[in-house]
$ cat data-v8.tsv   # TSV, C-alpha atoms
chain	number	residue	atom	x	y	z
A	1	LYS	CA	0.00	0.00	0.00
A	2	GLN	CA	2.81	2.44	0.85
A	3	TRP	CA	4.52	1.61	-2.44
A	4	TYR	CA	1.33	2.31	-4.36
A	5	GLN	CA	0.66	5.59	-2.52
A	6	ARG	CA	4.20	6.75	-3.25
A	7	ARG	CA	3.79	5.89	-6.93
A	8	VAL	CA	0.51	7.80	-7.05
A	9	ARG	CA	2.00	10.88	-5.33
A	10	GLU	CA	4.87	10.86	-7.81
A	11	GLY	CA	2.39	10.62	-10.67
A	12	LYS	CA	3.84	7.38	-11.98
A	13	MET	CA	0.69	5.25	-11.88
A	14	SER	CA	-2.94	6.18	-12.35
A	15	GLU	CA	-5.92	4.48	-10.78
A	16	ALA	CA	-7.02	2.99	-14.12
A	17	ALA	CA	-3.52	1.68	-14.79
A	18	PHE	CA	-3.28	0.10	-11.34
A	19	LEU	CA	-6.61	-1.73	-11.69
A	20	ASN	CA	-5.83	-2.64	-15.30
A	21	ASN	CA	-2.54	-4.29	-14.35
A	22	TRP	CA	-4.06	-6.32	-11.53
A	23	LEU	CA	-6.89	-7.59	-13.73
A	24	VAL	CA	-4.40	-8.66	-16.38
A	25	ILE	CA	-2.47	-10.49	-13.65
A	26	MET	CA	-5.67	-12.33	-12.71
A	27	ILE	CA	-6.22	-13.28	-16.36
A	28	ASN	CA	-2.70	-14.66	-16.45
A	29	VAL	CA	-3.34	-16.66	-13.26
A	30	GLY	CA	-6.42	-18.25	-14.84
A	31	ASP	CA	-4.50	-19.05	-18.02
A	32	LEU	CA	-1.66	-20.54	-15.97
A	33	LEU	CA	-4.11	-22.84	-14.17
A	34	THR	CA	-5.53	-23.90	-17.53
A	35	GLY	CA	-2.03	-24.78	-18.71
A	36	PHE	CA	-1.42	-26.80	-15.55
A	37	TYR	CA	-4.70	-28.67	-16.04
A	38	LEU	CA	-3.95	-29.56	-19.67
A	39	THR	CA	-0.43	-30.67	-18.77
A	40	ALA	CA	-1.73	-32.89	-15.96
A	41	ILE	CA	-4.34	-34.45	-18.28
A	42	ALA	CA	-1.60	-35.24	-20.79
A	43	VAL	CA	0.60	-36.81	-18.08
A	44	PHE	CA	-2.20	-39.02	-16.72
A	45	ASP	CA	-3.17	-40.03	-20.25
A	46	THR	CA	0.40	-41.21	-20.78
A	47	LEU	CA	0.45	-43.07	-17.45
A	48	TYR	CA	-2.84	-44.90	-18.04
A	49	GLY	CA	-2.23	-45.51	-21.72
A	50	ARG	CA	-3.95	-48.62	-23.05
A	51	GLU	CA	-5.08	-49.62	-19.57
A	52	TYR	CA	-7.53	-46.71	-19.38
A	53	CYS	CA	-10.54	-48.70	-20.57
A	54	ARG	CA	-10.04	-51.24	-17.78
A	55	LEU	CA	-9.32	-48.56	-15.16
A	56	GLN	CA	-11.85	-45.98	-16.35
A	57	LEU	CA	-14.07	-46.08	-13.27
A	58	ASP	CA	-11.06	-45.97	-10.98
A	59	TRP	CA	-9.93	-42.79	-12.72
A	60	LEU	CA	-13.35	-41.11	-12.81
A	61	THR	CA	-13.84	-41.68	-9.08
A	62	SER	CA	-10.28	-40.80	-8.09
A	63	THR	CA	-9.15	-37.76	-6.12
A	64	HIS	CA	-6.91	-36.72	-9.01
A	65	CYS	CA	-9.92	-36.36	-11.29
A	66	VAL	CA	-11.76	-34.25	-8.72
A	67	VAL	CA	-8.75	-31.97	-8.19
A	68	LEU	CA	-8.20	-31.49	-11.93
A	69	GLY	CA	-11.88	-30.75	-12.50
A	70	THR	CA	-11.83	-28.14	-9.73
A	71	ILE	CA	-8.68	-26.51	-11.13
A	72	SER	CA	-10.14	-26.46	-14.64
A	73	THR	CA	-13.36	-24.77	-13.50
A	74	LEU	CA	-11.47	-22.34	-11.25
A	75	SER	CA	-9.18	-21.29	-14.10
A	76	VAL	CA	-12.06	-20.76	-16.53
A	77	PHE	CA	-14.04	-18.46	-14.25
A	78	ILE	CA	-11.07	-16.51	-12.88
A	79	SER	CA	-10.06	-15.69	-16.44
A	80	LEU	CA	-13.63	-15.02	-17.63
A	81	LEU	CA	-14.58	-12.73	-14.74
A	82	SER	CA	-11.27	-10.84	-14.95
A	83	MET	CA	-11.82	-10.20	-18.66
A	84	THR	CA	-15.36	-9.04	-17.89
A	85	PHE	CA	-14.25	-6.56	-15.21
A	86	LEU	CA	-11.39	-5.36	-17.42
A	87	SER	CA	-13.77	-4.65	-20.29
A	88	LEU	CA	-16.09	-2.74	-17.94
A	89	LEU	CA	-13.15	-0.76	-16.55
A	90	ARG	CA	-12.02	0.23	-20.02
A	91	VAL	CA	-15.41	1.13	-21.42
A	92	THR	CA	-16.11	3.20	-18.29
A	93	GLY	CA	-12.79	4.96	-18.75
A	94	ILE	CA	-13.55	5.70	-22.40
A	95	GLN	CA	-16.89	7.21	-21.48
A	96	ASN	CA	-15.40	9.28	-18.63
A	97	ASN	CA	-12.26	10.43	-20.44
A	98	PHE	CA	-10.17	8.20	-18.16
A	99	ALA	CA	-10.04	10.92	-15.55
A	100	ALA	CA	-7.78	9.06	-13.11
A	101	GLN	CA	-8.10	10.17	-9.48
A	102	ARG	CA	-4.58	9.97	-8.13
A	103	ASP	CA	-5.40	11.39	-4.71
A	104	LYS	CA	-7.81	8.58	-3.82
A	105	SER	CA	-5.47	5.67	-3.20
A	106	THR	CA	-7.62	4.22	-0.43
A	107	LYS	CA	-10.65	4.23	-2.70
A	108	THR	CA	-8.62	2.59	-5.43
A	109	SER	CA	-7.51	-0.17	-3.05
A	110	CYS	CA	-11.13	-0.73	-2.03
A	111	LYS	CA	-12.12	-1.03	-5.69
A	112	LEU	CA	-9.33	-3.53	-6.29
A	113	PHE	CA	-10.20	-5.67	-3.26
A	114	THR	CA	-13.89	-5.59	-4.24
A	115	ILE	CA	-13.18	-6.71	-7.80
A	116	LEU	CA	-10.74	-9.42	-6.74
A	117	GLY	CA	-13.08	-10.52	-3.96
A	118	ILE	CA	-16.04	-10.87	-6.33
A	119	THR	CA	-13.93	-12.68	-8.92
A	120	LEU	CA	-12.42	-15.18	-6.49
A	121	THR	CA	-15.64	-15.71	-4.53
A	122	ILE	CA	-17.74	-16.53	-7.59
A	123	SER	CA	-14.99	-18.71	-9.08
A	124	VAL	CA	-14.46	-20.66	-5.85
A	125	LEU	CA	-18.20	-21.11	-5.26
A	126	ILE	CA	-18.85	-22.47	-8.75
A	127	SER	CA	-15.79	-24.73	-8.55
A	128	PHE	CA	-16.26	-26.16	-5.05
A	129	LEU	CA	-20.05	-26.11	-4.68
A	130	PRO	CA	-20.41	-29.55	-6.37
A	131	LEU	CA	-18.05	-31.00	-3.73
A	132	PHE	CA	-19.97	-29.86	-0.64
A	133	ARG	CA	-21.13	-32.91	1.33
A	134	PRO	CA	-24.57	-31.44	2.21
A	135	LEU	CA	-25.27	-31.10	-1.54
A	136	GLU	CA	-24.22	-34.63	-2.48
A	137	ASP	CA	-27.78	-35.58	-3.46
A	138	PHE	CA	-27.57	-33.01	-6.27
A	139	PHE	CA	-24.03	-33.65	-7.50
A	140	ILE	CA	-23.13	-37.32	-6.93
A	141	ASN	CA	-24.08	-39.38	-9.97
A	142	GLY	CA	-23.17	-42.84	-8.72
A	143	VAL	CA	-21.01	-44.95	-6.42
A	144	LYS	CA	-18.26	-47.42	-7.32
A	145	TYR	CA	-17.73	-50.29	-4.86
A	146	GLU	CA	-14.70	-52.49	-4.43
A	147	GLU	CA	-14.23	-55.26	-6.99
A	148	SER	CA	-14.93	-58.08	-4.51
A	149	ASN	CA	-18.55	-56.91	-4.48
A	150	ARG	CA	-20.82	-58.85	-6.83
A	151	LEU	CA	-24.06	-57.06	-6.05
A	152	PHE	CA	-23.43	-53.46	-7.12
A	153	LEU	CA	-21.60	-53.70	-10.42
A	154	GLY	CA	-20.11	-50.79	-12.32
A	155	CYS	CA	-21.08	-47.40	-10.92
A	156	PRO	CA	-24.81	-47.60	-10.08
A	157	ASP	CA	-26.88	-44.45	-9.61
A	158	LYS	CA	-29.69	-43.88	-7.12
A	159	ASP	CA	-32.34	-45.67	-9.15
A	160	THR	CA	-30.20	-48.79	-9.48
A	161	HIS	CA	-29.47	-48.71	-5.75
A	162	MET	CA	-33.18	-48.45	-4.98
A	163	GLU	CA	-34.01	-51.48	-7.11
A	164	ILE	CA	-31.33	-53.66	-5.49
A	165	ILE	CA	-32.17	-52.47	-1.96
A	166	GLU	CA	-35.89	-53.16	-2.48
A	167	LYS	CA	-35.15	-56.70	-3.67
A	168	TYR	CA	-32.86	-57.29	-0.71
A	169	TYR	CA	-35.03	-55.80	2.05
A	170	GLY	CA	-38.40	-56.36	0.43
A	171	LYS	CA	-40.88	-53.69	-0.69
A	172	MET	CA	-39.92	-50.32	0.82
A	173	VAL	CA	-42.72	-47.84	1.42
A	174	THR	CA	-41.38	-44.35	0.69
A	175	SER	CA	-42.82	-41.41	-1.22
A	176	THR	CA	-39.44	-39.90	-2.09
A	177	LYS	CA	-36.06	-41.13	-3.18
A	178	LEU	CA	-33.60	-42.11	-0.53
A	179	THR	CA	-30.70	-39.82	0.15
A	180	TRP	CA	-27.14	-40.97	-0.38
A	181	ALA	CA	-26.63	-41.00	3.39
A	182	GLN	CA	-29.58	-43.38	3.81
A	183	ILE	CA	-28.36	-45.53	0.94
A	184	ARG	CA	-24.91	-45.82	2.55
A	185	LYS	CA	-26.43	-47.05	5.81
A	186	LEU	CA	-28.62	-49.62	4.07
A	187	VAL	CA	-25.74	-50.87	1.92
A	188	ASP	CA	-23.42	-51.13	4.94
A	189	SER	CA	-26.01	-53.34	6.65
A	190	MET	CA	-25.96	-55.70	3.67
A	191	PHE	CA	-22.27	-56.54	4.11
A	192	SER	CA	-20.18	-57.83	6.98
A	193	ASN	CA	-18.17	-55.37	9.04
A	194	ASP	CA	-15.58	-57.98	10.07
A	195	TYR	CA	-13.07	-56.61	7.57
A	196	GLY	CA	-13.98	-52.95	7.75
A	197	GLY	CA	-17.15	-53.08	5.69
A	198	ILE	CA	-17.46	-52.46	1.99
A	199	LYS	CA	-15.31	-49.73	0.46
A	200	ARG	CA	-16.72	-47.23	-2.01
A	201	LYS	CA	-15.88	-44.16	-4.08
A	202	SER	CA	-18.34	-41.54	-5.30
A	203	LEU	CA	-18.72	-40.55	-8.93
A	204	THR	CA	-18.72	-36.78	-8.48
A	205	PHE	CA	-19.83	-33.91	-10.69
A	206	TYR	CA	-16.39	-33.80	-12.34
A	207	GLY	CA	-16.32	-37.54	-13.07
A	208	ASN	CA	-18.68	-37.29	-16.03
A	209	SER	CA	-15.85	-37.59	-18.57
A	210	GLY	CA	-12.31	-38.86	-18.79
A	211	VAL	CA	-10.99	-35.29	-19.06
A	212	CYS	CA	-12.55	-34.41	-15.66
A	213	VAL	CA	-14.19	-31.16	-16.73
A	214	PHE	CA	-17.24	-29.18	-15.62
A	215	LYS	CA	-20.42	-31.02	-16.58
A	216	PHE	CA	-21.66	-28.64	-19.27
A	217	PHE	CA	-23.85	-31.21	-21.02
A	218	VAL	CA	-26.88	-32.19	-18.92
A	219	ASN	CA	-30.34	-33.45	-19.75
A	220	THR	CA	-33.71	-32.97	-18.09
A	221	SER	CA	-33.22	-35.97	-15.78
A	222	ASP	CA	-29.87	-34.82	-14.32
A	223	PRO	CA	-30.17	-33.49	-10.76
A	224	GLN	CA	-27.50	-30.90	-11.60
A	225	ARG	CA	-29.41	-29.37	-14.53
A	226	ASN	CA	-30.55	-26.21	-12.68
A	227	PHE	CA	-27.04	-25.48	-11.46
A	228	VAL	CA	-25.53	-26.03	-14.92
A	229	ILE	CA	-28.19	-23.91	-16.64
A	230	PHE	CA	-27.51	-21.08	-14.19
A	231	VAL	CA	-23.76	-21.28	-14.84
A	232	LEU	CA	-24.26	-21.34	-18.62
A	233	ALA	CA	-26.52	-18.28	-18.39
A	234	PHE	CA	-23.86	-16.53	-16.29
A	235	ILE	CA	-21.21	-17.32	-18.93
A	236	LEU	CA	-23.50	-15.94	-21.64
A	237	ILE	CA	-23.96	-12.69	-19.69
A	238	CYS	CA	-20.18	-12.31	-19.31
A	239	PHE	CA	-19.64	-12.96	-23.03
A	240	ILE	CA	-22.25	-10.35	-23.98
A	241	THR	CA	-20.74	-7.84	-21.54
A	242	ILE	CA	-17.24	-8.26	-22.97
A	243	SER	CA	-18.45	-8.04	-26.56
A	244	VAL	CA	-20.62	-4.96	-26.02
A	245	SER	CA	-17.92	-3.18	-24.01
A	246	TYR	CA	-15.22	-3.56	-26.64
A	247	ALA	CA	-17.70	-2.72	-29.41
A	248	VAL	CA	-18.45	0.56	-27.59
A	249	ILE	CA	-14.73	1.26	-27.21
A	250	ALA	CA	-14.11	0.68	-30.93
A	251	TYR	CA	-17.11	2.79	-31.96
A	252	THR	CA	-16.15	5.67	-29.67
A	253	SER	CA	-12.59	5.66	-30.93
A	254	ARG	CA	-13.74	5.65	-34.55
A	255	GLU	CA	-16.11	8.57	-34.02
A	256	ILE	CA	-13.42	10.59	-32.26
A	257	ALA	CA	-10.95	9.87	-35.05
A	258	LYS	CA	-13.44	11.22	-37.59
A	259	SER	CA	-13.90	14.43	-35.60
A	260	LEU	CA	-10.16	15.20	-35.60
A	261	LYS	CA	-9.25	17.26	-38.65
A	262	ASP	CA	-5.65	17.91	-37.81
A	263	ALA	CA	-2.52	17.12	-39.79
A	264	ARG	CA	-2.26	13.72	-38.13
A	265	ALA	CA	-5.52	12.40	-39.56
A	266	ASN	CA	-3.80	9.62	-41.50
A	267	THR	CA	-1.88	8.49	-38.42
A	268	ASN	CA	-5.07	8.53	-36.35
A	269	SER	CA	-6.81	6.40	-38.97
A	270	LYS	CA	-3.97	3.87	-38.84
A	271	TYR	CA	-4.18	3.48	-35.06
A	272	ASN	CA	-7.96	3.38	-35.17
A	273	ALA	CA	-7.79	0.49	-37.66
A	274	ARG	CA	-5.39	-1.31	-35.35
A	275	LEU	CA	-7.76	-0.79	-32.42
A	276	GLN	CA	-10.58	-2.26	-34.50
A	277	LYS	CA	-8.47	-5.37	-35.18
A	278	VAL	CA	-7.63	-5.84	-31.49
A	279	THR	CA	-11.24	-5.49	-30.34
A	280	GLN	CA	-12.45	-7.79	-33.11
A	281	SER	CA	-9.86	-10.37	-32.06
A	282	ILE	CA	-10.99	-10.21	-28.42
A	283	ILE	CA	-14.65	-10.65	-29.35
A	284	PHE	CA	-13.88	-13.40	-31.89
A	285	THR	CA	-11.79	-15.51	-29.49
A	286	ASP	CA	-14.48	-15.25	-26.81
A	287	PHE	CA	-17.07	-16.24	-29.40
A	288	VAL	CA	-15.08	-19.28	-30.58
A	289	CYS	CA	-14.36	-20.33	-27.00
A	290	TRP	CA	-17.83	-20.07	-25.48
A	291	VAL	CA	-20.56	-19.99	-28.11
A	292	PRO	CA	-19.94	-23.61	-29.26
A	293	PHE	CA	-20.16	-24.70	-25.62
A	294	LEU	CA	-23.42	-22.83	-25.11
A	295	ILE	CA	-25.07	-24.02	-28.32
A	296	THR	CA	-24.04	-27.65	-27.79
A	297	SER	CA	-25.19	-27.54	-24.16
A	298	ILE	CA	-28.62	-26.27	-25.21
A	299	LEU	CA	-28.95	-28.92	-27.93
A	300	HIS	CA	-27.92	-31.64	-25.46
A	301	LEU	CA	-30.40	-30.34	-22.87
A	302	LEU	CA	-33.18	-30.45	-25.45
A	303	GLU	CA	-32.04	-33.99	-26.40
A	304	VAL	CA	-31.45	-32.96	-30.00
A	305	VAL	CA	-27.92	-34.38	-29.88
A	306	ASP	CA	-25.98	-36.53	-27.43
A	307	ALA	CA	-22.80	-34.54	-26.76
A	308	THR	CA	-21.46	-36.72	-23.94
A	309	ALA	CA	-18.64	-38.03	-26.11
A	310	TRP	CA	-17.63	-34.52	-27.19
A	311	TYR	CA	-16.04	-33.49	-23.89
A	312	PRO	CA	-12.44	-34.24	-24.97
A	313	THR	CA	-12.87	-32.22	-28.18
A	314	PHE	CA	-14.28	-29.17	-26.42
A	315	THR	CA	-11.83	-29.40	-23.52
A	316	ILE	CA	-8.65	-29.79	-25.57
A	317	ILE	CA	-9.55	-27.56	-28.53
A	318	PHE	CA	-12.14	-24.90	-27.64
A	319	MET	CA	-11.64	-24.20	-23.94
A	320	PRO	CA	-7.90	-23.35	-24.12
A	321	ILE	CA	-8.41	-20.85	-26.97
A	322	ASN	CA	-8.71	-17.88	-24.62
A	323	SER	CA	-5.74	-19.03	-22.56
A	324	VAL	CA	-3.55	-19.26	-25.65
A	325	ILE	CA	-4.66	-15.97	-27.24
A	326	ASN	CA	-5.00	-13.84	-24.08
A	327	PRO	CA	-1.24	-13.16	-23.70
A	328	LEU	CA	-1.26	-11.78	-27.26
A	329	LEU	CA	-4.41	-9.68	-26.77
A	330	TYR	CA	-3.87	-8.35	-23.24
A	331	GLY	CA	-0.13	-7.87	-23.35
A	332	GLY	CA	2.43	-6.26	-25.60
A	333	ASN	CA	2.94	-2.99	-27.39
A	334	ARG	CA	0.07	-3.41	-29.83
A	335	GLU	CA	-2.62	-3.40	-27.19
A	336	GLN	CA	-0.89	-0.61	-25.29
A	337	SER	CA	-0.64	1.59	-28.38
A	338	CYS	CA	-4.24	0.87	-29.44
A	339	PHE	CA	-5.97	1.76	-26.19
A	340	GLY	CA	-3.41	4.47	-25.47
A	341	ARG	CA	-4.15	6.03	-28.83
A	342	ALA	CA	-7.87	5.93	-28.10
A	343	MET	CA	-7.22	7.95	-24.95
A	344	ARG	CA	-5.05	10.43	-26.81
A	345	PHE	CA	-7.95	10.97	-29.20
A	346	LEU	CA	-10.12	11.90	-26.24
A	347	ARG	CA	-7.52	14.24	-24.74
A	348	LEU	CA	-6.85	15.94	-28.05
A	349	ARG	CA	-10.52	16.48	-28.74
A	350	LYS	CA	-10.98	17.93	-25.25
A	351	CYS	CA	-8.13	20.37	-25.82
A	352	LEU	CA	-9.49	21.39	-29.23
A	353	GLU	CA	-12.92	22.07	-27.81
A	354	ALA	CA	-11.42	24.18	-25.04
A	355	LEU	CA	-9.38	26.07	-27.62
A	356	ARG	CA	-12.49	26.89	-29.66
A	357	LYS	CA	-14.33	28.21	-26.59
A	358	VAL	CA	-11.41	30.38	-25.55
A	359	THR	CA	-10.95	31.73	-29.07
A	360	LYS	CA	-14.59	32.79	-29.25
A	361	SER	CA	-14.71	34.39	-25.79
A	362	CYS	CA	-11.40	36.23	-25.85
A	363	SER	CA	-10.47	39.30	-27.88
A	364	ALA	CA	-7.29	39.54	-29.90
A	365	GLY	CA	-5.76	41.84	-27.30
A	366	GLU	CA	-6.27	39.36	-24.45
A	367	GLU	CA	-4.36	36.42	-25.94
A	368	SER	CA	-2.04	36.12	-22.99
A	369	LYS	CA	-4.96	35.85	-20.59
A	370	ALA	CA	-6.67	33.30	-22.82
A	371	ASP	CA	-3.56	31.15	-22.81
A	372	LEU	CA	-3.77	30.89	-19.05
A	373	GLU	CA	-7.25	29.35	-19.34
A	374	LEU	CA	-6.16	26.62	-21.71
A	375	PRO	CA	-5.71	23.17	-20.18
A	376	GLU	CA	-2.02	22.60	-19.75
A	377	ILE	CA	-0.78	19.61	-21.74
A	378	THR	CA	2.08	18.40	-19.60
A	379	LYS	CA	3.97	15.18	-19.50
A	380	ASN	CA	1.64	14.03	-16.75
A	381	ASN	CA	-1.37	14.52	-19.04
A	382	LYS	CA	0.31	12.57	-21.78
A	383	ARG	CA	1.05	9.83	-19.35
A	384	ASP	CA	-2.58	9.77	-18.16
A	385	ALA	CA	-3.77	9.49	-21.74
A	386	THR	CA	-2.04	6.21	-22.25
A	387	ILE	CA	-3.09	2.94	-20.76
A	388	PRO	CA	0.06	1.17	-19.58
A	389	ALA	CA	1.01	-2.14	-21.02
A	390	PRO	CA	-0.54	-4.97	-19.01

$ encode --input "data-v8.tsv" --output "structure tokens"
Amino acid sequence: KQWYQRRVREGKMSEAAFLNNWLVIMINVGDLLTGFYLTAIAVFDTLYGREYCRLQLDWLTSTHCVVLGTISTLSVFISLLSMTFLSLLRVTGIQNNFAAQRDKSTKTSCKLFTILGITLTISVLISFLPLFRPLEDFFINGVKYEESNRLFLGCPDKDTHMEIIEKYYGKMVTSTKLTWAQIRKLVDSMFSNDYGGIKRKSLTFYGNSGVCVFKFFVNTSDPQRNFVIFVLAFILICFITISVSYAVIAYTSREIAKSLKDARANTNSKYNARLQKVTQSIIFTDFVCWVPFLITSILHLLEVVDATAWYPTFTIIFMPINSVINPLLYGGNREQSCFGRAMRFLRLRKCLEALRKVTKSCSAGEESKADLELPEITKNNKRDATIPAP
């Protein structure tokens, strides 16, 4: 905090730049987690090799699969929410002339902690909510028992458990399905406890596919359908927010470039075209990454297609697109020059408008007094007009 306050007092970092840099760091953290997830999947694929078909249920119910699924979901939403907040920060800055408030360091810190808190809280909740024990009736899809068991084969779900339990105990009078806790007690009573009872592993929310990813594809009979639909709607809202924000930034920059009739019109047009390319790239990569997921999820929910076998394709090809492209879009001189140029357009237009007002209100003999009323274009102003490189 002291370092930041000193930087602000010295005029070396604006509020927008400080928040911008931290959001880009969060995007990088999400992309790093995605890289770790993909690397781990590749390592386990090599270790299991041809034995995967025989050990499939062991892998799907393993702790490794749960951990990788949690990391994958955490990385996706950290990156997505950070990109959403960054787009809102930039479009707000464009609309407000990026008037950075250097003297409000405490307020800036509060903004940062609020943004990071919201990002991490939502990401952690979505990632770990399927693992909460009180919610196991919504997120556990089956149970795998030890191989010595000959009664519960494979990974039976609740309905299969109910059928076997009813045949074992006789007709059970109940108006609702049994909970997993009740099923565990009834199953334990069916086996001897002399050797520690029967061992089991749960098929969790992340064990729906061999790549251990968020269960995007659900149908009407899945108990997790409401949770998944809510998450997909949330992703759609973030995608729309990012797209609209950068479209507004590109439109505003283009309109400002048209209004500037100075000798640098050709240069302004060049940077405006570059800004258009950057914003189009951001929107396009988000579209390629998320829209196929959303469309396929809807079609699977409506039972138009069965996309269960498509998880590896979407996980290995579509989901990492943002993580691969983000370092090119949110870092480097091109992005800095594009958004920095957009701000210089705003500053230049502001100065030109002030110049016209002063010229009209001042007489020829009061030029010196009029000059005092002009906004001073100092190095600090030039620095404020440029968004620092993430």

$ atom_distance --input "data-v8.tsv" --atom1 "CA of Thr34 in chain A" --atom2 "CA of Ala307 in chain A"
22.3 Å

$ residues_around --input "data-v8.tsv" --residues "range 128-131 of chain A" --least-positions-apart "4" --cutoff "12 Å" --atoms "only C-alpha atoms" --output "PyMOL selection string"
chain A and resi 63+66-74+120-124+135-141+202-207+214-215+223-224+227-228+231

$ write_last_selection --input "data-v8.tsv" --atoms "C-alpha atoms" --output "mmCIF file, keeping the file's coordinate frame"
data_model
loop_
_atom_site.group_PDB
_atom_site.id
_atom_site.type_symbol
_atom_site.label_atom_id
_atom_site.label_comp_id
_atom_site.auth_asym_id
_atom_site.auth_seq_id
_atom_site.Cartn_x
_atom_site.Cartn_y
_atom_site.Cartn_z
ATOM 1 C CA THR A 63 -9.150 -37.760 -6.120
ATOM 2 C CA VAL A 66 -11.760 -34.250 -8.720
ATOM 3 C CA VAL A 67 -8.750 -31.970 -8.190
ATOM 4 C CA LEU A 68 -8.200 -31.490 -11.930
ATOM 5 C CA GLY A 69 -11.880 -30.750 -12.500
ATOM 6 C CA THR A 70 -11.830 -28.140 -9.730
ATOM 7 C CA ILE A 71 -8.680 -26.510 -11.130
ATOM 8 C CA SER A 72 -10.140 -26.460 -14.640
ATOM 9 C CA THR A 73 -13.360 -24.770 -13.500
ATOM 10 C CA LEU A 74 -11.470 -22.340 -11.250
ATOM 11 C CA LEU A 120 -12.420 -15.180 -6.490
ATOM 12 C CA THR A 121 -15.640 -15.710 -4.530
ATOM 13 C CA ILE A 122 -17.740 -16.530 -7.590
ATOM 14 C CA SER A 123 -14.990 -18.710 -9.080
ATOM 15 C CA VAL A 124 -14.460 -20.660 -5.850
ATOM 16 C CA LEU A 135 -25.270 -31.100 -1.540
ATOM 17 C CA GLU A 136 -24.220 -34.630 -2.480
ATOM 18 C CA ASP A 137 -27.780 -35.580 -3.460
ATOM 19 C CA PHE A 138 -27.570 -33.010 -6.270
ATOM 20 C CA PHE A 139 -24.030 -33.650 -7.500
ATOM 21 C CA ILE A 140 -23.130 -37.320 -6.930
ATOM 22 C CA ASN A 141 -24.080 -39.380 -9.970
ATOM 23 C CA SER A 202 -18.340 -41.540 -5.300
ATOM 24 C CA LEU A 203 -18.720 -40.550 -8.930
ATOM 25 C CA THR A 204 -18.720 -36.780 -8.480
ATOM 26 C CA PHE A 205 -19.830 -33.910 -10.690
ATOM 27 C CA TYR A 206 -16.390 -33.800 -12.340
ATOM 28 C CA GLY A 207 -16.320 -37.540 -13.070
ATOM 29 C CA PHE A 214 -17.240 -29.180 -15.620
ATOM 30 C CA LYS A 215 -20.420 -31.020 -16.580
ATOM 31 C CA PRO A 223 -30.170 -33.490 -10.760
ATOM 32 C CA GLN A 224 -27.500 -30.900 -11.600
ATOM 33 C CA PHE A 227 -27.040 -25.480 -11.460
ATOM 34 C CA VAL A 228 -25.530 -26.030 -14.920
ATOM 35 C CA VAL A 231 -23.760 -21.280 -14.840
#

$ closest_residue --input "data-v8.tsv" --among "A:Leu153, A:Leu116, A:Val43, A:Ile235" --to "Leu80 in chain A" --atoms "only C-alpha atoms"
A:Ile235

$ atom_distance --input "data-v8.tsv" --atom1 "CA of Ile282 in chain A" --atom2 "CA of Ser79 in chain A"
13.2 Å

$ closest_residue --input "data-v8.tsv" --among "A:Leu89, A:Leu236, A:Leu328, A:Ile283" --to "Asn28 in chain A" --atoms "all atoms listed in the file"
A:Leu328

$ residues_around --input "data-v8.tsv" --residues "range 178-188 of chain A" --least-positions-apart "5" --cutoff "9 Å" --atoms "all atoms listed in the file" --output "MDAnalysis selection string"
chainID A and resid 136:137 140 158 161:162 165 193 197:198

$ closest_residue --input "data-v8.tsv" --among "A:Thr285, A:Thr46, A:Ser87, A:Ser148" --to "Leu23 in chain A" --atoms "only C-alpha atoms"
A:Ser87

$ residues_around --input "data-v8.tsv" --residues "Ile325 in chain A" --least-positions-apart "6" --cutoff "12 Å" --atoms "only C-alpha atoms" --output "list in words"
Ile27, Asn28, Asp31, Val278, Ser281, Ile282, Ile283, Phe284, Thr285, Asp286, Val288, Cys289, Phe318, Met319 and Gly331 of chain A

$ atom_distance --input "data-v8.tsv" --atom1 "CA of Ile41 in chain A" --atom2 "CA of Pro292 in chain A"
21.9 Å

$ closest_residue --input "data-v8.tsv" --among "A:Phe152, A:Arg225, A:Phe287, A:Ser62" --to "Asn322 in chain A" --atoms "all atoms listed in the file"
A:Phe287

$ closest_residue --input "data-v8.tsv" --among "A:Val24, A:Asp45, A:Leu57, A:Val76" --to "Glu147 in chain A" --atoms "all atoms listed in the file"
A:Leu57

$ closest_residue --input "data-v8.tsv" --among "A:Ser82, A:Asn208, A:Thr176, A:Asn226" --to "Gly117 in chain A" --atoms "all atoms listed in the file"
A:Ser82
